[in-house]
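Structure data follow from upload.cif (mmCIF, C-alpha atoms and all ligand atoms):
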```
data_my_file
loop_
_atom_site.label_atom_id
_atom_site.label_comp_id
_atom_site.auth_asym_id
_atom_site.auth_seq_id
_atom_site.Cartn_x
_atom_site.Cartn_y
_atom_site.Cartn_z
CA MET N 1 17.13 4.91 30.03
CA LYS N 2 17.66 6.01 26.41
CA ILE N 3 15.30 4.62 23.77
CA LEU N 4 15.36 5.23 20.02
CA ALA N 5 11.96 5.53 18.35
CA VAL N 6 12.27 4.74 14.66
CA ASN N 7 10.02 5.15 11.64
CA ALA N 8 11.60 3.59 8.54
CA GLY N 9 10.23 4.26 5.06
CA SER N 10 11.38 2.71 1.81
CA SER N 11 14.06 5.39 1.32
CA SER N 12 13.95 7.22 4.64
CA LEU N 13 14.61 6.72 8.32
CA LYS N 14 13.22 9.02 10.98
CA PHE N 15 14.47 8.74 14.53
CA THR N 16 13.93 10.30 17.96
CA LEU N 17 16.19 9.55 20.90
CA ILE N 18 14.16 9.79 24.09
CA GLU N 19 15.22 9.73 27.75
CA LEU N 20 12.86 7.84 30.03
CA PRO N 21 11.22 8.19 32.43
CA SER N 22 11.80 11.96 32.06
CA GLN N 23 10.27 11.80 28.53
CA GLU N 24 12.83 14.32 27.29
CA THR N 25 13.65 14.29 23.56
CA ILE N 26 17.45 14.24 23.42
CA ALA N 27 17.91 14.32 19.64
CA SER N 28 15.92 13.64 16.50
CA GLY N 29 16.51 13.50 12.79
CA LEU N 30 15.83 12.18 9.35
CA PHE N 31 17.82 10.23 6.78
CA GLU N 32 16.46 10.74 3.26
CA LYS N 33 16.88 9.27 -0.22
CA ILE N 34 18.57 6.15 1.13
CA GLY N 35 19.60 3.88 -1.75
CA ILE N 36 18.41 6.28 -4.47
CA GLY N 37 21.34 8.72 -4.71
CA ASN N 38 21.85 12.25 -3.34
CA SER N 39 21.15 10.92 0.16
CA MET N 40 21.28 13.34 3.04
CA TYR N 41 20.57 13.47 6.73
CA THR N 42 19.60 15.98 9.37
CA ILE N 43 20.16 15.65 13.10
CA LYS N 44 18.64 18.05 15.63
CA PHE N 45 20.38 18.32 18.98
CA LYS N 46 20.26 21.06 21.66
CA GLY N 47 18.43 23.46 19.36
CA GLU N 48 21.01 23.09 16.57
CA LYS N 49 20.31 21.49 13.21
CA TYR N 50 23.12 19.60 11.53
CA THR N 51 22.71 18.56 7.86
CA LYS N 52 25.03 16.50 5.70
CA GLU N 53 24.97 14.94 2.23
CA LEU N 54 26.45 11.47 2.06
CA ASP N 55 25.85 8.46 -0.15
CA LEU N 56 23.84 5.93 1.87
CA LYS N 57 23.48 2.71 -0.07
CA ASP N 58 21.01 1.05 2.29
CA HIS N 59 19.32 1.35 5.69
CA ALA N 60 22.11 -0.52 7.49
CA VAL N 61 24.61 2.07 6.28
CA ALA N 62 22.28 4.85 7.46
CA VAL N 63 22.00 3.20 10.90
CA GLN N 64 25.79 2.88 11.13
CA VAL N 65 26.20 6.58 10.20
CA LEU N 66 23.58 7.50 12.79
CA MET N 67 25.43 5.58 15.50
CA ASP N 68 28.75 7.21 14.52
CA GLU N 69 27.13 10.67 14.60
CA LEU N 70 25.48 10.08 17.99
CA ILE N 71 28.96 9.41 19.39
CA ASN N 72 30.81 12.11 17.37
CA MET N 73 28.29 14.77 18.31
CA HIS N 74 28.58 13.71 21.99
CA ILE N 75 24.86 12.94 22.12
CA ILE N 76 25.78 9.64 23.77
CA SER N 77 29.18 8.46 24.96
CA SER N 78 28.80 4.80 24.04
CA LEU N 79 26.33 2.68 22.08
CA GLU N 80 25.55 0.72 25.27
CA GLU N 81 23.54 3.75 26.40
CA ILE N 82 20.82 2.86 23.89
CA GLU N 83 18.78 0.30 25.77
CA GLY N 84 16.02 -0.29 23.28
CA ILE N 85 14.76 0.54 19.82
CA GLY N 86 11.05 0.94 19.16
CA HIS N 87 9.88 0.66 15.56
CA ARG N 88 6.69 1.96 14.02
CA ILE N 89 5.14 -0.87 12.03
CA VAL N 90 2.07 0.06 10.07
CA HIS N 91 0.23 -3.25 9.80
CA GLY N 92 -0.04 -6.03 12.34
CA GLY N 93 -2.98 -7.73 10.64
CA GLN N 94 -5.40 -9.49 12.99
CA GLU N 95 -2.58 -11.14 14.87
CA PHE N 96 -0.66 -8.35 16.56
CA LYS N 97 -2.96 -6.73 19.09
CA GLU N 98 -0.20 -5.04 21.06
CA SER N 99 3.47 -4.10 20.86
CA ILE N 100 5.94 -6.97 20.83
CA VAL N 101 9.66 -7.74 21.14
CA LEU N 102 10.93 -8.37 17.61
CA THR N 103 12.84 -11.52 16.73
CA GLU N 104 13.49 -13.02 13.30
CA ASP N 105 10.50 -15.35 13.89
CA VAL N 106 8.19 -12.45 14.71
CA LEU N 107 9.42 -10.49 11.67
CA LYS N 108 8.56 -13.45 9.42
CA LYS N 109 5.01 -13.45 10.86
CA ILE N 110 4.68 -9.69 10.31
CA GLU N 111 5.81 -10.20 6.72
CA ASN N 112 2.60 -12.18 6.19
CA TYR N 113 0.81 -8.82 6.29
CA ASN N 114 3.05 -7.08 3.76
CA GLU N 115 0.31 -7.51 1.18
CA LEU N 116 -2.03 -5.41 3.33
CA ALA N 117 0.42 -2.49 3.55
CA PRO N 118 2.78 -2.92 0.58
CA LEU N 119 4.12 0.64 0.72
CA HIS N 120 4.91 0.58 4.43
CA ASN N 121 5.44 -2.81 6.06
CA PRO N 122 8.37 -4.06 3.93
CA ALA N 123 10.14 -0.73 4.57
CA ASN N 124 9.40 -0.84 8.32
CA ILE N 125 10.81 -4.37 8.49
CA MET N 126 13.88 -3.39 6.48
CA GLY N 127 14.51 -0.72 9.14
CA VAL N 128 14.27 -3.30 11.94
CA ARG N 129 16.73 -5.63 10.19
CA ALA N 130 19.17 -2.74 9.69
CA PHE N 131 19.20 -2.04 13.45
CA MET N 132 19.50 -5.77 14.23
CA LYS N 133 22.59 -5.89 12.03
CA VAL N 134 24.31 -2.81 13.45
CA LEU N 135 23.24 -3.23 17.11
CA PRO N 136 22.76 -7.01 17.48
CA HIS N 137 22.51 -6.93 21.29
CA VAL N 138 19.82 -4.27 21.66
CA THR N 139 16.12 -5.16 22.09
CA ASN N 140 13.89 -4.14 19.18
CA VAL N 141 10.17 -3.61 19.74
CA GLY N 142 7.44 -3.36 17.11
CA VAL N 143 4.60 -0.87 17.71
CA PHE N 144 1.72 -1.31 15.25
CA ASP N 145 -0.55 1.42 13.85
CA THR N 146 -3.36 -1.10 13.72
CA ALA N 147 -3.00 -2.60 17.22
CA PHE N 148 -5.08 -0.11 19.22
CA HIS N 149 -8.04 -0.75 16.91
CA SER N 150 -7.98 -4.51 17.51
CA SER N 151 -10.59 -4.10 20.26
CA MET N 152 -13.27 -3.28 17.64
CA GLU N 153 -16.06 -5.81 17.43
CA PRO N 154 -17.09 -7.65 14.24
CA LYS N 155 -20.18 -5.49 13.86
CA GLU N 156 -17.88 -2.47 13.50
CA TYR N 157 -14.94 -3.97 11.61
CA LEU N 158 -16.81 -6.08 9.06
CA TYR N 159 -17.94 -4.60 5.75
CA PRO N 160 -21.37 -5.63 4.48
CA VAL N 161 -19.83 -7.63 1.61
CA PRO N 162 -19.66 -11.41 0.96
CA TYR N 163 -18.50 -12.91 4.26
CA GLU N 164 -15.93 -15.17 2.59
CA TRP N 165 -13.93 -12.07 1.56
CA TYR N 166 -13.24 -11.62 5.27
CA GLN N 167 -12.67 -15.31 5.98
CA GLN N 168 -10.47 -16.02 3.00
CA TYR N 169 -8.71 -12.72 2.33
CA GLY N 170 -8.87 -10.75 5.59
CA VAL N 171 -11.07 -8.02 4.06
CA ARG N 172 -12.16 -5.94 7.09
CA LYS N 173 -11.62 -2.58 8.72
CA TYR N 174 -8.19 -2.46 10.43
CA GLY N 175 -7.85 1.26 11.18
CA PHE N 176 -4.62 3.26 11.35
CA HIS N 177 -3.02 6.09 13.41
CA GLY N 178 -3.62 3.76 16.36
CA THR N 179 -0.48 4.81 18.20
CA SER N 180 -1.52 8.47 18.01
CA HIS N 181 -5.11 7.79 19.12
CA ARG N 182 -3.82 5.64 21.99
CA TYR N 183 -1.42 8.40 23.06
CA VAL N 184 -3.98 11.22 23.07
CA ASN N 185 -6.55 9.00 24.80
CA LYS N 186 -4.02 8.11 27.51
CA THR N 187 -3.02 11.78 27.85
CA ILE N 188 -6.56 13.13 28.20
CA CYS N 189 -7.58 10.31 30.59
CA GLU N 190 -4.56 11.06 32.79
CA TYR N 191 -5.18 14.82 32.57
CA LEU N 192 -8.84 14.49 33.56
CA LYS N 193 -8.00 11.70 36.04
CA ASN N 194 -10.57 9.32 34.59
CA PRO N 195 -9.52 6.14 32.75
CA ASN N 196 -13.09 5.37 31.68
CA LEU N 197 -13.81 8.39 29.49
CA LYS N 198 -15.77 8.16 26.27
CA VAL N 199 -13.46 9.99 23.88
CA ILE N 200 -13.82 11.08 20.26
CA SER N 201 -10.21 11.37 19.14
CA CYS N 202 -9.72 13.39 15.94
CA HIS N 203 -6.27 12.97 14.38
CA ILE N 204 -6.33 15.62 11.68
CA GLY N 205 -3.05 16.01 9.85
CA ASN N 206 -2.15 15.45 6.26
CA GLY N 207 -3.73 12.05 6.74
CA GLY N 208 -6.69 12.02 9.10
CA SER N 209 -8.82 9.65 11.12
CA ILE N 210 -11.36 9.86 13.91
CA THR N 211 -11.72 7.17 16.58
CA ALA N 212 -14.49 6.52 19.09
CA ILE N 213 -12.98 5.19 22.34
CA ASN N 214 -14.82 3.92 25.41
CA ALA N 215 -12.76 3.31 28.56
CA GLY N 216 -9.59 2.77 26.54
CA LYS N 217 -11.19 0.43 23.99
CA VAL N 218 -11.73 1.43 20.38
CA VAL N 219 -15.36 1.12 19.38
CA ASP N 220 -14.95 2.36 15.80
CA THR N 221 -12.52 4.31 13.64
CA THR N 222 -12.84 6.03 10.28
CA MET N 223 -9.92 4.55 8.35
CA GLY N 224 -10.62 1.09 7.06
CA PHE N 225 -9.04 -1.76 5.16
CA THR N 226 -6.52 0.90 4.08
CA PRO N 227 -5.95 4.53 5.14
CA LEU N 228 -8.05 5.72 2.17
CA ALA N 229 -11.38 5.53 4.02
CA GLY N 230 -13.18 7.91 6.36
CA ILE N 231 -12.85 11.69 6.43
CA MET N 232 -11.55 13.82 3.57
CA MET N 233 -7.79 14.34 3.91
CA GLY N 234 -4.97 16.39 2.38
CA THR N 235 -4.72 14.24 -0.74
CA ARG N 236 -7.02 11.27 0.03
CA SER N 237 -10.70 11.25 -0.83
CA GLY N 238 -11.95 9.50 2.29
CA ASP N 239 -15.27 7.64 1.83
CA ILE N 240 -16.58 7.43 -1.73
CA ASP N 241 -18.97 5.25 -3.70
CA ALA N 242 -16.81 2.34 -4.88
CA SER N 243 -18.67 2.26 -8.22
CA LEU N 244 -17.09 5.49 -9.38
CA ILE N 245 -13.78 3.67 -9.80
CA GLU N 246 -14.95 1.51 -12.68
CA TYR N 247 -16.79 4.46 -14.25
CA VAL N 248 -13.73 6.73 -14.15
CA MET N 249 -11.54 3.93 -15.53
CA HIS N 250 -13.84 3.67 -18.56
CA LYS N 251 -13.97 7.42 -19.04
CA THR N 252 -10.27 8.19 -18.65
CA GLY N 253 -8.67 4.95 -19.80
CA GLU N 254 -6.73 4.82 -16.55
CA SER N 255 -5.88 1.49 -14.94
CA ILE N 256 -7.31 0.53 -11.55
CA THR N 257 -3.90 1.26 -10.02
CA GLU N 258 -3.91 4.74 -11.54
CA VAL N 259 -7.42 5.55 -10.31
CA THR N 260 -6.56 4.23 -6.83
CA ASN N 261 -3.49 6.44 -6.93
CA ASP N 262 -5.69 9.43 -7.87
CA LEU N 263 -7.89 8.70 -4.85
CA ASN N 264 -4.85 8.55 -2.56
CA LYS N 265 -2.68 11.31 -3.99
CA ARG N 266 -4.77 13.70 -6.10
CA SER N 267 -7.99 13.98 -4.11
CA GLY N 268 -9.04 15.52 -0.79
CA LEU N 269 -8.15 19.19 -0.18
CA LEU N 270 -5.79 19.08 -3.16
CA GLY N 271 -8.32 17.54 -5.52
CA ILE N 272 -11.09 20.03 -4.78
CA SER N 273 -9.03 23.21 -4.33
CA GLY N 274 -6.61 22.46 -7.15
CA ILE N 275 -4.11 24.42 -5.05
CA SER N 276 -2.59 22.36 -2.28
CA SER N 277 -3.08 19.57 0.21
CA ASP N 278 -1.65 21.77 2.95
CA SER N 279 -4.13 23.43 5.31
CA ARG N 280 -1.98 26.55 5.61
CA ASP N 281 -2.12 27.11 1.83
CA ILE N 282 -5.88 26.52 1.83
CA GLU N 283 -6.35 29.09 4.61
CA GLU N 284 -4.23 31.64 2.75
CA ALA N 285 -6.19 31.05 -0.46
CA ILE N 286 -9.51 31.47 1.37
CA LYS N 287 -8.31 34.78 2.78
CA SER N 288 -7.56 35.99 -0.73
CA GLY N 289 -11.04 35.00 -1.91
CA ASN N 290 -10.40 31.67 -3.65
CA GLU N 291 -13.80 29.96 -3.96
CA LYS N 292 -12.50 26.46 -4.62
CA ALA N 293 -10.30 26.64 -1.54
CA ARG N 294 -13.36 27.67 0.51
CA LEU N 295 -15.39 24.81 -0.96
CA ALA N 296 -12.57 22.34 -0.18
CA GLN N 297 -12.35 23.59 3.41
CA GLU N 298 -16.12 23.44 3.92
CA MET N 299 -16.27 19.87 2.65
CA TYR N 300 -13.28 18.94 4.80
CA VAL N 301 -14.79 20.33 7.97
CA GLN N 302 -18.29 18.97 7.25
CA LYS N 303 -17.02 15.42 6.93
CA ILE N 304 -15.14 15.69 10.22
CA ALA N 305 -18.27 17.10 11.90
CA ASN N 306 -20.43 14.31 10.44
CA TYR N 307 -18.22 11.61 11.93
CA ILE N 308 -18.02 13.37 15.30
CA ALA N 309 -21.84 13.44 15.41
CA MET N 310 -22.01 9.78 14.37
CA TYR N 311 -19.50 8.73 17.01
CA ASN N 312 -21.26 10.77 19.67
CA ASN N 313 -24.29 8.63 18.88
CA LEU N 314 -22.24 5.41 18.82
CA LEU N 315 -20.76 6.22 22.25
CA ASP N 316 -24.20 7.16 23.56
CA GLY N 317 -22.83 10.62 24.34
CA ALA N 318 -19.10 11.39 24.38
CA ASP N 319 -17.41 12.81 27.48
CA VAL N 320 -14.75 14.67 25.53
CA ILE N 321 -13.69 15.54 21.98
CA VAL N 322 -9.96 15.73 21.35
CA LEU N 323 -8.25 17.37 18.36
CA THR N 324 -4.69 16.45 17.45
CA ALA N 325 -2.02 16.27 14.67
CA GLY N 326 -0.85 19.09 12.38
CA VAL N 327 -4.24 20.63 11.61
CA GLY N 328 -5.95 19.70 14.89
CA GLU N 329 -3.11 21.18 16.95
CA ASN N 330 -2.54 24.29 14.86
CA SER N 331 -5.40 25.37 12.64
CA ILE N 332 -7.50 27.86 14.58
CA MET N 333 -9.81 28.31 11.59
CA THR N 334 -10.49 24.58 11.11
CA ARG N 335 -11.20 24.05 14.82
CA LYS N 336 -13.58 27.01 14.87
CA MET N 337 -15.43 25.73 11.80
CA ILE N 338 -15.69 22.18 13.22
CA GLY N 339 -17.15 23.64 16.41
CA GLU N 340 -19.80 25.55 14.43
CA LYS N 341 -20.80 22.43 12.51
CA ILE N 342 -21.32 20.36 15.66
CA ALA N 343 -23.28 23.07 17.47
CA SER N 344 -26.31 20.77 17.46
CA LEU N 345 -24.42 18.55 19.95
CA GLY N 346 -24.25 21.54 22.28
CA VAL N 347 -20.58 22.18 21.52
CA VAL N 348 -19.42 25.79 21.92
CA ILE N 349 -15.84 26.75 21.07
CA ASP N 350 -14.39 29.65 23.08
CA GLU N 351 -12.77 31.98 20.55
CA GLU N 352 -10.11 33.23 22.93
CA ALA N 353 -9.19 29.77 24.24
CA ASN N 354 -9.08 28.47 20.66
CA ASN N 355 -6.41 31.03 19.82
CA CYS N 356 -3.62 28.55 20.61
CA ARG N 357 -1.24 26.19 18.87
CA GLY N 358 0.48 22.97 19.86
CA GLU N 359 -0.44 22.86 23.55
CA LEU N 360 -2.78 20.76 25.68
CA LYS N 361 -5.70 23.10 26.18
CA LEU N 362 -9.44 23.21 26.74
CA ILE N 363 -10.81 25.24 23.81
CA SER N 364 -14.55 24.96 24.47
CA ALA N 365 -16.60 27.40 26.52
CA ALA N 366 -17.85 26.56 30.02
CA GLU N 367 -21.38 26.03 28.69
CA SER N 368 -20.26 23.53 26.02
CA LYS N 369 -22.13 20.23 26.56
CA ILE N 370 -19.05 18.29 25.46
CA PRO N 371 -15.65 19.73 26.37
CA VAL N 372 -13.23 20.03 23.43
CA TYR N 373 -9.48 19.76 24.01
CA VAL N 374 -6.41 20.20 21.86
CA VAL N 375 -3.94 17.46 22.81
CA PRO N 376 -0.60 17.41 20.95
CA THR N 377 0.14 13.89 19.78
CA ASN N 378 3.50 12.19 20.30
CA GLU N 379 3.71 8.83 18.57
CA GLU N 380 7.47 8.64 19.15
CA LEU N 381 6.99 8.92 22.91
CA MET N 382 4.28 6.24 22.84
CA ILE N 383 6.66 3.95 20.91
CA ALA N 384 9.44 4.64 23.43
CA LEU N 385 7.13 3.99 26.41
CA ASP N 386 6.00 0.65 24.94
CA THR N 387 9.63 -0.28 24.31
CA MET N 388 10.62 0.52 27.88
CA ALA N 389 7.66 -1.45 29.24
CA LEU N 390 8.64 -4.56 27.25
CA ILE N 391 12.31 -4.28 28.22
CA GLU N 392 11.38 -4.07 31.90
CA LYS N 393 8.92 -6.97 31.70
P1 LIG I 401 1.27 13.96 8.66
O1 LIG I 401 -0.01 13.23 8.41
O2 LIG I 401 2.10 14.14 7.43
O3 LIG I 401 2.01 13.49 9.90
P2 LIG I 401 0.85 16.38 10.19
O4 LIG I 401 0.16 15.82 11.37
O5 LIG I 401 2.23 16.90 10.34
O6 LIG I 401 0.76 15.41 8.95
O7 LIG I 401 -0.07 17.56 9.64
C1 LIG I 401 0.24 18.29 8.49
C2 LIG I 401 -0.86 19.31 8.28
O8 LIG I 401 -0.88 20.21 9.39
C3 LIG I 401 -0.69 20.16 7.03
O9 LIG I 401 -1.90 20.24 6.31
C4 LIG I 401 -0.36 21.52 7.61
O10 LIG I 401 -0.86 22.54 6.80
C5 LIG I 401 -1.10 21.51 8.92
N1 LIG I 401 -0.57 22.56 9.76
C6 LIG I 401 0.61 22.62 10.40
N2 LIG I 401 0.77 23.81 11.02
C7 LIG I 401 -0.35 24.54 10.75
C8 LIG I 401 -0.80 25.86 11.10
N3 LIG I 401 -0.06 26.66 11.84
N4 LIG I 401 -2.01 26.23 10.65
C9 LIG I 401 -2.77 25.42 9.90
N5 LIG I 401 -2.40 24.18 9.54
C10 LIG I 401 -1.21 23.74 9.95
#
```
Re-express the file's structure as structure tokens.
Amino acid sequence: MKILAVNAGSSSLKFTLIELPSQETIASGLFEKIGIGNSMYTIKFKGEKYTKELDLKDHAVAVQVLMDELINMHIISSLEEIEGIGHRIVHGGQEFKESIVLTEDVLKKIENYNELAPLHNPANIMGVRAFMKVLPHVTNVGVFDTAFHSSMEPKEYLYPVPYEWYQQYGVRKYGFHGTSHRYVNKTICEYLKNPNLKVISCHIGNGGSITAINAGKVVDTTMGFTPLAGIMMGTRSGDIDASLIEYVMHKTGESITEVTNDLNKRSGLLGISGISSDSRDIEEAIKSGNEKARLAQEMYVQKIANYIAMYNNLLDGADVIVLTAGVGENSIMTRKMIGEKIASLGVVIDEEANNCRGELKLISAAESKIPVYVVPTNEELMIALDTMALIEK
């Protein structure tokens, strides 16, 4: 069965065509600058990369072009081969606790949460409607970033603020990257043949979040009402004292929107180093003696270590720590530094084993009290698996 996993942004559309149950990626690609001029797209198939510039006035046009290309490039021989389309949807509010078949009624309900993810949800929904228009007979499934975290209890998801903010406005921790955390949890539980593991899942990419999972249920996660909370990230601050917002507004004359934008886009590794949000650039700068880059990296790693220690306590002792996403899967230096900063938990990283990238691997030493694994994430595969499961239901 062929399933398309889709991630639609306001001017982009990312897709992966996956064969199930073999889990083989058949083709993948990205449509960019949709509706804003100079649009282009890239399709990867059998190791070749095909790029074309073409005016794409909206997402429906992009979907039509994609379908034409899938046929022209002999990736599929007819559109009937696509049996389902799984869509990443960022926010499912408190209502959507698992993936769901999308109908116009369901989309209207999801739109109720647009206010909670104004940059993402409207774009995700636009992508769904584009596929519904071009492929009206194919099942569409919504897979929510927030859903996996819906098992958190009130004592974890509530903020200690006036209770009516929660009751009236839905102010609470929702958590994000749920599809990735669910995938790596499932992968490590299958690999270690134990569905009841207590897992600390560290998704460390450009964005980053850490999740404490007990027997498949999220106990707590670092991102919050929005993805701004938790650990320090590429460009996001992570946790800060909320009072600094008003203070900085007074000092700089910036609006609240501008300061919030600074916290999302000009902070984190970028804000401290002044160089880049990208871990590779930070590592290079450290090697050439840049002190601010070193400071940024030390802060970055410390905050990750702090949350791992906190979640080890919350889980009453974790069975396994998992590192995933761009930095977690690839940055040997960051993993080594995290290991050193959680040495008090009895964690010992094996230098030789840690010398790896992008593969499922045990990187801790035999004497490590908690084993540490690198587990490559695959949100697209998780989306495709959910889609298949709902089609077969
Ligand atoms: P996103 O949140 O955008 O999905 P990714 O999970 O792709 O992010 O992670 C991007 C991050 O991964 C970047 O900071 C990048 O520097 C880092 N990264 C990728 N490859 C390497 C590498 N070989 N060494 C260090 N960092 C890497």
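Restricting the atom set to all atoms listed in the file, one finds that the residues within 6 Å of ligand LIG 401 (chain I) amount to Gly205, Asn206, Gly207, Asp278, Ser279, Arg280, Ala325, Gly326, Val327, Asn330 and Ser331 of chain N.
Here the question is which of N:Tyr166, N:Ala353, N:Val90, N:Ile75 gets nearest to N:Asn114 using all atoms listed in the file, and that residue is N:Val90.
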- N:Lys2 environment, 12 Å, all atoms listed in the file, sequence neighbours closer than 6 positions dropped, as a PyMOL selection string: chain N and resi 16-27+75-86+138+381+384-385+387-388+391
Residues of stretch 154-272 of chain N at most 7 Å from stretch 364-378 of chain N: nearest atom pair and distance in Å, all atoms listed in the file, as CSV:
```
residue,atom,partner,partner_atom,distance
N:Ser180,CA,N:Thr377,CA,5.9
N:Tyr183,CA,N:Thr377,CA,6.6
N:Val184,CA,N:Thr377,CA,5.9
```
Those same residues, written as a compact mmCIF listing (two decimals), in the coordinates of the input with C-alpha atoms?
```txt
# COMPACT_ATOMS: atom_id res chain seq x y z
CA SER N 180 -1.52 8.47 18.01
CA TYR N 183 -1.42 8.40 23.06
CA VAL N 184 -3.98 11.22 23.07
```
- Message: Restricting the calculation to all atoms listed in the file: of N:Thr260, N:Gln64, N:Ser277, N:Thr146, which residue gets closest to N:Leu244?
- Response: N:Thr260
- Shell of 10 Å around N:Gly9, all atoms listed in the file, local chain residues under 5 positions omitted, as an NGL selection string: :N and (14 or 31-34 or 59 or 88 or 119-127)
- Message: Taking (22.4, 0.6, 5.8) in the coordinates of the supplied file, I want to know which residues reach to within 10 Å of it, counting only C-alpha atoms; could you give the answer as a PyMOL selection string?
- Response: chain N and resi 34-35+56-66+126-127+129-131+133-134
